[in-house]
$ cat my_file-v9.cif   # mmCIF, C-alpha atoms
data_run
loop_
_atom_site.label_atom_id
_atom_site.label_comp_id
_atom_site.auth_asym_id
_atom_site.auth_seq_id
_atom_site.Cartn_x
_atom_site.Cartn_y
_atom_site.Cartn_z
CA MET A 1 44.94 71.49 61.80
CA PHE A 2 41.82 72.33 59.76
CA GLU A 3 41.33 68.62 59.03
CA LYS A 4 41.45 67.78 62.76
CA PHE A 5 38.88 70.48 63.45
CA VAL A 6 36.49 69.13 60.73
CA ASN A 7 36.85 65.50 61.88
CA ARG A 8 36.21 66.47 65.49
CA MET A 9 33.12 68.44 64.43
CA LYS A 10 31.76 65.43 62.46
CA PHE A 11 32.20 62.91 65.24
CA GLN A 12 31.83 64.97 68.45
CA GLY A 13 29.86 68.06 67.47
CA ILE A 14 30.55 71.74 66.97
CA PHE A 15 30.93 72.56 70.68
CA SER A 16 33.62 69.91 71.17
CA ALA A 17 35.46 71.02 68.02
CA VAL A 18 35.51 74.70 69.07
CA ASN A 19 36.52 73.73 72.60
CA TYR A 20 39.37 71.59 71.24
CA PHE A 21 40.54 74.35 68.92
CA VAL A 22 40.46 77.14 71.53
CA PHE A 23 41.77 75.31 74.58
CA THR A 24 44.11 72.76 73.09
CA VAL A 25 45.54 74.13 69.86
CA GLY A 26 45.23 77.84 70.70
CA VAL A 27 46.73 77.61 74.18
CA GLU A 28 49.47 75.32 72.92
CA LYS A 29 50.44 77.78 70.16
CA ILE A 30 50.36 80.75 72.55
CA GLY A 31 52.44 78.79 75.06
CA VAL A 32 55.08 78.00 72.44
CA GLU A 33 55.22 81.67 71.41
CA ILE A 34 55.63 82.80 75.03
CA ILE A 35 58.44 80.30 75.58
CA LYS A 36 60.16 81.37 72.34
CA ARG A 37 59.98 85.02 73.29
CA PHE A 38 61.28 84.28 76.80
CA LEU A 39 64.22 82.23 75.52
CA PHE A 40 65.26 84.27 72.50
CA SER A 41 64.40 87.90 73.23
CA GLY A 42 67.63 88.42 75.21
CA PRO A 43 68.00 90.50 78.36
CA VAL A 44 66.17 93.74 78.98
CA MET A 45 68.72 96.45 78.31
CA VAL A 46 69.17 99.74 80.07
CA THR A 47 68.62 102.60 77.62
CA PHE A 48 71.89 104.52 77.58
CA ASP A 49 72.33 107.82 75.80
CA ASP A 50 74.65 110.04 77.80
CA LYS A 51 76.92 112.50 76.01
CA ASN A 52 78.96 113.00 79.21
CA ILE A 53 80.03 109.34 79.51
CA LYS A 54 82.37 107.85 76.91
CA ILE A 55 83.29 104.16 76.98
CA TYR A 56 86.59 102.92 75.56
CA ASP A 57 88.19 99.53 74.96
CA GLU A 58 91.32 100.70 73.09
CA ILE A 59 93.86 103.19 74.43
CA ILE A 60 94.36 104.60 70.95
CA ASP A 61 90.73 105.83 70.95
CA ILE A 62 91.06 107.84 74.18
CA PRO A 63 91.87 111.52 73.50
CA SER A 64 95.28 112.41 74.95
CA THR A 65 93.74 115.36 76.82
CA TYR A 66 91.61 112.91 78.87
CA ILE A 67 94.67 110.76 79.62
CA ASN A 68 96.60 113.87 80.70
CA ASP A 69 93.72 115.04 82.94
CA LEU A 70 93.64 111.64 84.64
CA ILE A 71 97.45 111.41 84.99
CA HIS A 72 97.36 114.85 86.64
CA GLU A 73 94.84 113.57 89.21
CA CYS A 74 95.93 109.92 89.59
CA GLY A 75 99.69 110.05 88.95
CA GLU A 76 102.01 108.82 86.18
CA ARG A 77 101.22 105.16 86.79
CA PHE A 78 97.69 105.76 85.52
CA SER A 79 98.66 105.62 81.83
CA GLN A 80 100.41 102.26 82.30
CA SER A 81 97.42 100.95 84.25
CA VAL A 82 95.05 102.00 81.45
CA GLU A 83 97.16 100.26 78.82
CA ASN A 84 97.40 97.04 80.87
CA LYS A 85 93.71 96.85 81.70
CA LEU A 86 92.47 97.65 78.20
CA GLY A 87 94.97 95.09 76.89
CA LYS A 88 93.26 92.46 79.06
CA GLY A 89 89.85 93.29 77.56
CA GLU A 90 88.53 95.62 80.26
CA LYS A 91 86.26 98.54 79.36
CA LEU A 92 86.77 102.08 80.65
CA ALA A 93 83.99 104.63 81.15
CA ILE A 94 85.25 108.21 81.36
CA GLY A 95 82.95 110.96 82.60
CA ILE A 96 83.45 114.25 80.75
CA VAL A 97 82.61 117.70 82.14
CA ASP A 98 83.36 120.84 80.09
CA GLY A 99 85.83 118.93 77.91
CA SER A 100 87.82 117.51 80.85
CA ALA A 101 88.00 113.93 82.14
CA ALA A 102 86.14 113.99 85.44
CA SER A 103 85.63 110.34 86.41
CA ILE A 104 86.56 106.77 85.56
CA ALA A 105 84.88 103.40 86.04
CA TRP A 106 86.26 100.04 84.91
CA MET A 107 84.38 96.90 83.87
CA LYS A 108 85.75 93.41 83.24
CA LYS A 109 84.27 90.04 82.45
CA GLU A 110 84.67 87.57 85.30
CA ASN A 111 85.98 84.22 84.11
CA LYS A 112 86.01 82.54 87.53
CA LYS A 113 83.22 80.05 88.19
CA ASN A 114 80.74 81.24 90.78
CA ASN A 115 78.28 78.80 92.34
CA LEU A 116 75.88 81.62 93.25
CA LEU A 117 75.67 83.20 89.80
CA LYS A 118 74.84 81.28 86.64
CA GLY A 119 75.60 82.73 83.21
CA GLU A 120 77.99 85.55 82.33
CA THR A 121 79.22 87.89 85.06
CA TRP A 122 80.67 91.37 84.61
CA LEU A 123 82.36 93.32 87.43
CA ILE A 124 82.35 97.12 87.61
CA HIS A 125 85.27 98.28 89.76
CA GLY A 126 88.03 100.86 90.20
CA CYS A 127 85.66 103.82 90.08
CA LEU A 128 86.82 107.33 90.86
CA THR A 129 85.35 110.82 90.49
CA ILE A 130 87.79 113.73 90.65
CA PRO A 131 86.82 115.71 93.79
CA ARG A 132 85.90 118.99 92.05
CA PHE A 133 83.43 117.13 89.80
CA ARG A 134 81.61 115.22 92.55
CA GLY A 135 77.87 115.69 92.96
CA GLN A 136 77.16 115.62 89.20
CA LYS A 137 75.92 111.99 89.11
CA LEU A 138 78.83 110.86 86.94
CA TYR A 139 79.21 107.61 88.89
CA PRO A 140 75.63 106.35 88.46
CA ARG A 141 75.68 107.46 84.82
CA SER A 142 78.89 105.48 84.25
CA ILE A 143 77.30 102.44 85.91
CA LEU A 144 74.30 102.66 83.56
CA GLY A 145 76.56 102.99 80.52
CA LEU A 146 78.70 100.00 81.49
CA THR A 147 75.63 97.94 82.38
CA ASP A 148 74.14 98.65 78.97
CA LEU A 149 77.41 97.64 77.31
CA ALA A 150 77.60 94.39 79.31
CA PHE A 151 74.12 93.37 78.10
CA LYS A 152 75.09 94.18 74.51
CA LEU A 153 78.29 92.13 74.76
CA SER A 154 76.70 89.12 76.47
CA ARG A 155 75.15 86.19 74.65
CA PRO A 156 71.36 86.65 74.41
CA ASP A 157 70.67 83.04 75.45
CA VAL A 158 72.66 83.31 78.72
CA LYS A 159 71.77 85.17 81.92
CA THR A 160 73.86 88.33 82.42
CA ASN A 161 74.96 89.29 85.94
CA ILE A 162 76.47 92.66 86.80
CA LEU A 163 78.41 93.04 90.04
CA ILE A 164 79.76 96.33 91.40
CA GLU A 165 82.58 96.50 93.91
CA SER A 166 82.88 99.32 96.43
CA SER A 167 84.75 100.04 99.64
CA ILE A 168 82.55 99.36 102.67
CA ALA A 169 83.43 102.83 104.01
CA ASN A 170 82.52 104.72 100.82
CA LYS A 171 78.95 105.83 101.51
CA ALA A 172 78.78 108.10 98.44
CA SER A 173 79.75 105.20 96.18
CA ILE A 174 77.21 102.87 97.79
CA SER A 175 74.52 105.54 97.39
CA GLY A 176 75.35 105.87 93.66
CA ILE A 177 75.17 102.10 93.22
CA THR A 178 71.80 101.71 94.95
CA GLN A 179 70.38 104.66 92.94
CA CYS A 180 70.94 102.48 89.86
CA GLY A 181 68.82 99.68 91.34
CA PHE A 182 71.61 97.37 92.50
CA LYS A 183 71.15 95.30 95.66
CA TYR A 184 73.61 94.11 98.29
CA PHE A 185 75.22 90.81 97.25
CA GLY A 186 78.13 90.04 99.59
CA TYR A 187 81.58 90.96 100.86
CA VAL A 188 85.08 90.60 99.46
CA ILE A 189 87.43 90.09 102.38
CA ASN A 190 90.86 91.41 101.42
CA PHE A 191 93.23 94.18 102.43
CA LYS A 192 90.61 96.82 101.49
CA ASP A 193 87.42 95.05 102.61
CA LYS A 194 84.85 95.62 99.88
CA VAL A 195 81.14 95.15 99.48
CA LEU A 196 79.53 93.74 96.32
CA PHE A 197 76.21 94.73 94.77
CA SER A 198 74.32 92.76 92.13
CA SER A 199 71.92 93.74 89.35
#
$ encode --input "my_file-v9.cif" --output "C-alpha cells"
Amino acid sequence: MFEKFVNRMKFQGIFSAVNYFVFTVGVEKIGVEIIKRFLFSGPVMVTFDDKNIKIYDEIIDIPSTYINDLIHECGERFSQSVENKLGKGEKLAIGIVDGSAASIAWMKKENKKNNLLKGETWLIHGCLTIPRFRGQKLYPRSILGLTDLAFKLSRPDVKTNILIESSIANKASISGITQCGFKYFGYVINFKDKVLFSS
C-alpha cells in the first residue's frame, strides 16, 4: 500500500496521492470493517438478569417444590407435560415469588419452514401466571429471559426470529407482550384462535 502511495505521488502529485489514499483505500478498508462487524457480531441480545425467573431445560434441575406448586395449580397432568416438553428440547421459564412457583412460559424452536421468516424461529407459548401472583410483571420478565436465551442458542450468522402466541381474548397477555416491544404478526386459526407477535 505504501508503494502505491509513493508511485502515485511521483507520477500524479501529492494531492492525487492523498486523495487516492483517503477516498479509495481508507473508505474501502472502513467499508470492509463495517461489513465484517455487521456479518459476524451476531444479534443484539436482551440483557437478562432476573433472580425471579429461572429457565430450565431438564426436569431433573427443577426443584420438586416448584413442580408441586404447579401441579397444585394446573393438575396432575402438568408433571407429565413438563417431562414430555423438556424431552423434546423445549425450555421452561418459571417465575418465582417468595420461594413459590408463580408462573410458567414455554419456548420451542420451530422447525417448520416459513416463507415470511428467514433464519431461526423460536416460539414462546403456553404461558400462565397463577392468579394470586398476577400484576407482578412475571410474564414480560419471562419473555425477556426466553428471548435472551433464544439469541444465545441461535447461530450468530443467522437471523433470529422470536414469535409469541397468545389467545386473542387475553388482553393482559397481549399487553405483556407489547410491553416487551413485540409487534402484531398474524393469526393462528385453530380451535382456540390465537394471535402471533414477532420480535
$ atom_distance --input "my_file-v9.cif" --atom1 "atom CA of Ser100 of chain A" --atom2 "atom CA of Thr65 of chain A"
7.5 Å
$ atom_distance --input "my_file-v9.cif" --atom1 "atom CA of Tyr139 of chain A" --atom2 "atom CA of Gly176 of chain A"
6.4 Å
$ closest_residue --input "my_file-v9.cif" --among "A:Gln179, A:Asn84, A:Ala172, A:Ile62" --to "Gly135 of chain A" --atoms "all atoms listed in the file"
A:Ala172
$ residues_around --input "my_file-v9.cif" --residues "Arg134 of chain A" --least-positions-apart "4" --cutoff "9 Å" --atoms "only C-alpha atoms" --output "short mmCIF file (atom, residue, chain, number, x, y, z; two decimals) with C-alpha atoms, in the coordinates of the input"
data_model
loop_
_atom_site.label_atom_id
_atom_site.label_comp_id
_atom_site.auth_asym_id
_atom_site.auth_seq_id
_atom_site.Cartn_x
_atom_site.Cartn_y
_atom_site.Cartn_z
CA ALA A 102 86.14 113.99 85.44
CA SER A 103 85.63 110.34 86.41
CA THR A 129 85.35 110.82 90.49
CA ILE A 130 87.79 113.73 90.65
CA LEU A 138 78.83 110.86 86.94
CA TYR A 139 79.21 107.61 88.89
#
$ closest_residue --input "my_file-v9.cif" --among "A:Ile60, A:Leu128, A:Leu163, A:Ile94" --to "Cys74 of chain A" --atoms "all atoms listed in the file"
A:Leu128
$ residues_near_point --input "my_file-v9.cif" --point "(94.8, 111.9, 85.1)" --cutoff "10 Å" --atoms "all atoms listed in the file" --output "PyMOL selection string"
chain A and resi 65-79+100-104+130
$ residues_near_point --input "my_file-v9.cif" --point "(87.2, 100.1, 72.7)" --cutoff "12 Å" --atoms "only C-alpha atoms" --output "list in words"
Lys54, Ile55, Tyr56, Asp57, Glu58, Ile59, Ile60, Asp61, Ile62, Val82, Glu83, Lys85, Leu86, Gly87, Lys88, Gly89, Glu90, Lys91, Leu92, Ala93, Met107 and Leu149 of chain A
$ write_last_selection --input "my_file-v9.cif" --atoms "C-alpha atoms" --output "mmCIF file, keeping the file's coordinate frame"
data_model
loop_
_atom_site.group_PDB
_atom_site.id
_atom_site.type_symbol
_atom_site.label_atom_id
_atom_site.label_comp_id
_atom_site.auth_asym_id
_atom_site.auth_seq_id
_atom_site.Cartn_x
_atom_site.Cartn_y
_atom_site.Cartn_z
ATOM 1 C CA LYS A 54 82.370 107.850 76.910
ATOM 2 C CA ILE A 55 83.290 104.160 76.980
ATOM 3 C CA TYR A 56 86.590 102.920 75.560
ATOM 4 C CA ASP A 57 88.190 99.530 74.960
ATOM 5 C CA GLU A 58 91.320 100.700 73.090
ATOM 6 C CA ILE A 59 93.860 103.190 74.430
ATOM 7 C CA ILE A 60 94.360 104.600 70.950
ATOM 8 C CA ASP A 61 90.730 105.830 70.950
ATOM 9 C CA ILE A 62 91.060 107.840 74.180
ATOM 10 C CA VAL A 82 95.050 102.000 81.450
ATOM 11 C CA GLU A 83 97.160 100.260 78.820
ATOM 12 C CA LYS A 85 93.710 96.850 81.700
ATOM 13 C CA LEU A 86 92.470 97.650 78.200
ATOM 14 C CA GLY A 87 94.970 95.090 76.890
ATOM 15 C CA LYS A 88 93.260 92.460 79.060
ATOM 16 C CA GLY A 89 89.850 93.290 77.560
ATOM 17 C CA GLU A 90 88.530 95.620 80.260
ATOM 18 C CA LYS A 91 86.260 98.540 79.360
ATOM 19 C CA LEU A 92 86.770 102.080 80.650
ATOM 20 C CA ALA A 93 83.990 104.630 81.150
ATOM 21 C CA MET A 107 84.380 96.900 83.870
ATOM 22 C CA LEU A 149 77.410 97.640 77.310
#
$ residues_around --input "my_file-v9.cif" --residues "Lys112 of chain A" --least-positions-apart "4" --cutoff "12 Å" --atoms "only C-alpha atoms" --output "NGL selection string"
:A and (108 or 116-123)
$ closest_residue --input "my_file-v9.cif" --among "A:Asn52, A:Thr160, A:Ser64, A:Thr178" --to "Gly145 of chain A" --atoms "all atoms listed in the file"
A:Asn52
$ resolve_selection --input "my_file-v9.cif" --expression "the PyMOL selection byres ((chain A and resi 183) around 12)" --output "JSON, numbers by chain"
{"A": [162, 163, 164, 165, 174, 175, 176, 177, 178, 179, 180, 181, 182, 184, 185, 186, 195, 196, 197, 198, 199]}
$ residues_around --input "my_file-v9.cif" --residues "Arg141 of chain A" --least-positions-apart "4" --cutoff "8 Å" --atoms "all atoms listed in the file" --output "PyMOL selection string"
chain A and resi 50+53+137+145
$ write_last_selection --input "my_file-v9.cif" --atoms "C-alpha atoms" --output "JSON list (two decimals), in the coordinates of the input"
[["chain", "number", "residue", "atom", "x", "y", "z"],
["A", 50, "ASP", "CA", 74.65, 110.04, 77.80],
["A", 53, "ILE", "CA", 80.03, 109.34, 79.51],
["A", 137, "LYS", "CA", 75.92, 111.99, 89.11],
["A", 145, "GLY", "CA", 76.56, 102.99, 80.52]]
$ atom_distance --input "my_file-v9.cif" --atom1 "atom CA of His125 of chain A" --atom2 "atom CA of Thr147 of chain A"
12.1 Å
$ closest_residue --input "my_file-v9.cif" --among "A:Lys51, A:Val158, A:Ser173, A:Val97" --to "Phe133 of chain A" --atoms "all atoms listed in the file"
A:Val97
$ build_atoms --input "my_file-v9.cif" --residues "segment 53-69 of chain A" --atoms "N, CA and C atoms" --output "PDB file, in the coordinates of the input"
ATOM      1  N   ILE A  53      79.310 110.581  79.182  1.00  0.00           N
ATOM      2  CA  ILE A  53      80.030 109.340  79.510  1.00  0.00           C
ATOM      3  C   ILE A  53      80.491 108.694  78.207  1.00  0.00           C
ATOM      4  N   LYS A  54      81.787 108.502  78.079  1.00  0.00           N
ATOM      5  CA  LYS A  54      82.370 107.850  76.910  1.00  0.00           C
ATOM      6  C   LYS A  54      82.998 106.534  77.361  1.00  0.00           C
ATOM      7  N   ILE A  55      82.750 105.466  76.607  1.00  0.00           N
ATOM      8  CA  ILE A  55      83.290 104.160  76.980  1.00  0.00           C
ATOM      9  C   ILE A  55      84.316 103.728  75.934  1.00  0.00           C
ATOM     10  N   TYR A  56      85.474 103.277  76.431  1.00  0.00           N
ATOM     11  CA  TYR A  56      86.590 102.920  75.560  1.00  0.00           C
ATOM     12  C   TYR A  56      87.059 101.495  75.835  1.00  0.00           C
ATOM     13  N   ASP A  57      87.537 100.828  74.764  1.00  0.00           N
ATOM     14  CA  ASP A  57      88.190  99.530  74.960  1.00  0.00           C
ATOM     15  C   ASP A  57      89.562  99.474  74.288  1.00  0.00           C
ATOM     16  N   GLU A  58      89.990 100.597  73.705  1.00  0.00           N
ATOM     17  CA  GLU A  58      91.320 100.700  73.090  1.00  0.00           C
ATOM     18  C   GLU A  58      91.955 102.020  73.529  1.00  0.00           C
ATOM     19  N   ILE A  59      93.201 101.966  73.959  1.00  0.00           N
ATOM     20  CA  ILE A  59      93.860 103.190  74.430  1.00  0.00           C
ATOM     21  C   ILE A  59      94.019 104.202  73.307  1.00  0.00           C
ATOM     22  N   ILE A  60      94.166 103.715  72.100  1.00  0.00           N
ATOM     23  CA  ILE A  60      94.360 104.600  70.950  1.00  0.00           C
ATOM     24  C   ILE A  60      93.142 105.499  70.705  1.00  0.00           C
ATOM     25  N   ASP A  61      91.964 105.057  71.159  1.00  0.00           N
ATOM     26  CA  ASP A  61      90.730 105.830  70.950  1.00  0.00           C
ATOM     27  C   ASP A  61      90.533 106.941  71.986  1.00  0.00           C
ATOM     28  N   ILE A  62      91.253 106.869  73.100  1.00  0.00           N
ATOM     29  CA  ILE A  62      91.060 107.840  74.180  1.00  0.00           C
ATOM     30  C   ILE A  62      91.837 109.116  73.841  1.00  0.00           C
ATOM     31  N   PRO A  63      91.153 110.268  73.768  1.00  0.00           N
ATOM     32  CA  PRO A  63      91.870 111.520  73.500  1.00  0.00           C
ATOM     33  C   PRO A  63      92.985 111.756  74.526  1.00  0.00           C
ATOM     34  N   SER A  64      94.131 112.223  74.057  1.00  0.00           N
ATOM     35  CA  SER A  64      95.280 112.410  74.950  1.00  0.00           C
ATOM     36  C   SER A  64      94.980 113.431  76.056  1.00  0.00           C
ATOM     37  N   THR A  65      94.082 114.377  75.776  1.00  0.00           N
ATOM     38  CA  THR A  65      93.740 115.360  76.820  1.00  0.00           C
ATOM     39  C   THR A  65      93.084 114.664  78.021  1.00  0.00           C
ATOM     40  N   TYR A  66      92.240 113.643  77.761  1.00  0.00           N
ATOM     41  CA  TYR A  66      91.610 112.910  78.870  1.00  0.00           C
ATOM     42  C   TYR A  66      92.667 112.137  79.666  1.00  0.00           C
ATOM     43  N   ILE A  67      93.593 111.502  78.945  1.00  0.00           N
ATOM     44  CA  ILE A  67      94.670 110.760  79.620  1.00  0.00           C
ATOM     45  C   ILE A  67      95.480 111.719  80.491  1.00  0.00           C
ATOM     46  N   ASN A  68      95.818 112.891  79.947  1.00  0.00           N
ATOM     47  CA  ASN A  68      96.600 113.870  80.700  1.00  0.00           C
ATOM     48  C   ASN A  68      95.852 114.372  81.933  1.00  0.00           C
ATOM     49  N   ASP A  69      94.532 114.620  81.781  1.00  0.00           N
ATOM     50  CA  ASP A  69      93.720 115.040  82.940  1.00  0.00           C
ATOM     51  C   ASP A  69      93.789 113.997  84.047  1.00  0.00           C
TER      52      ASP A  69
END
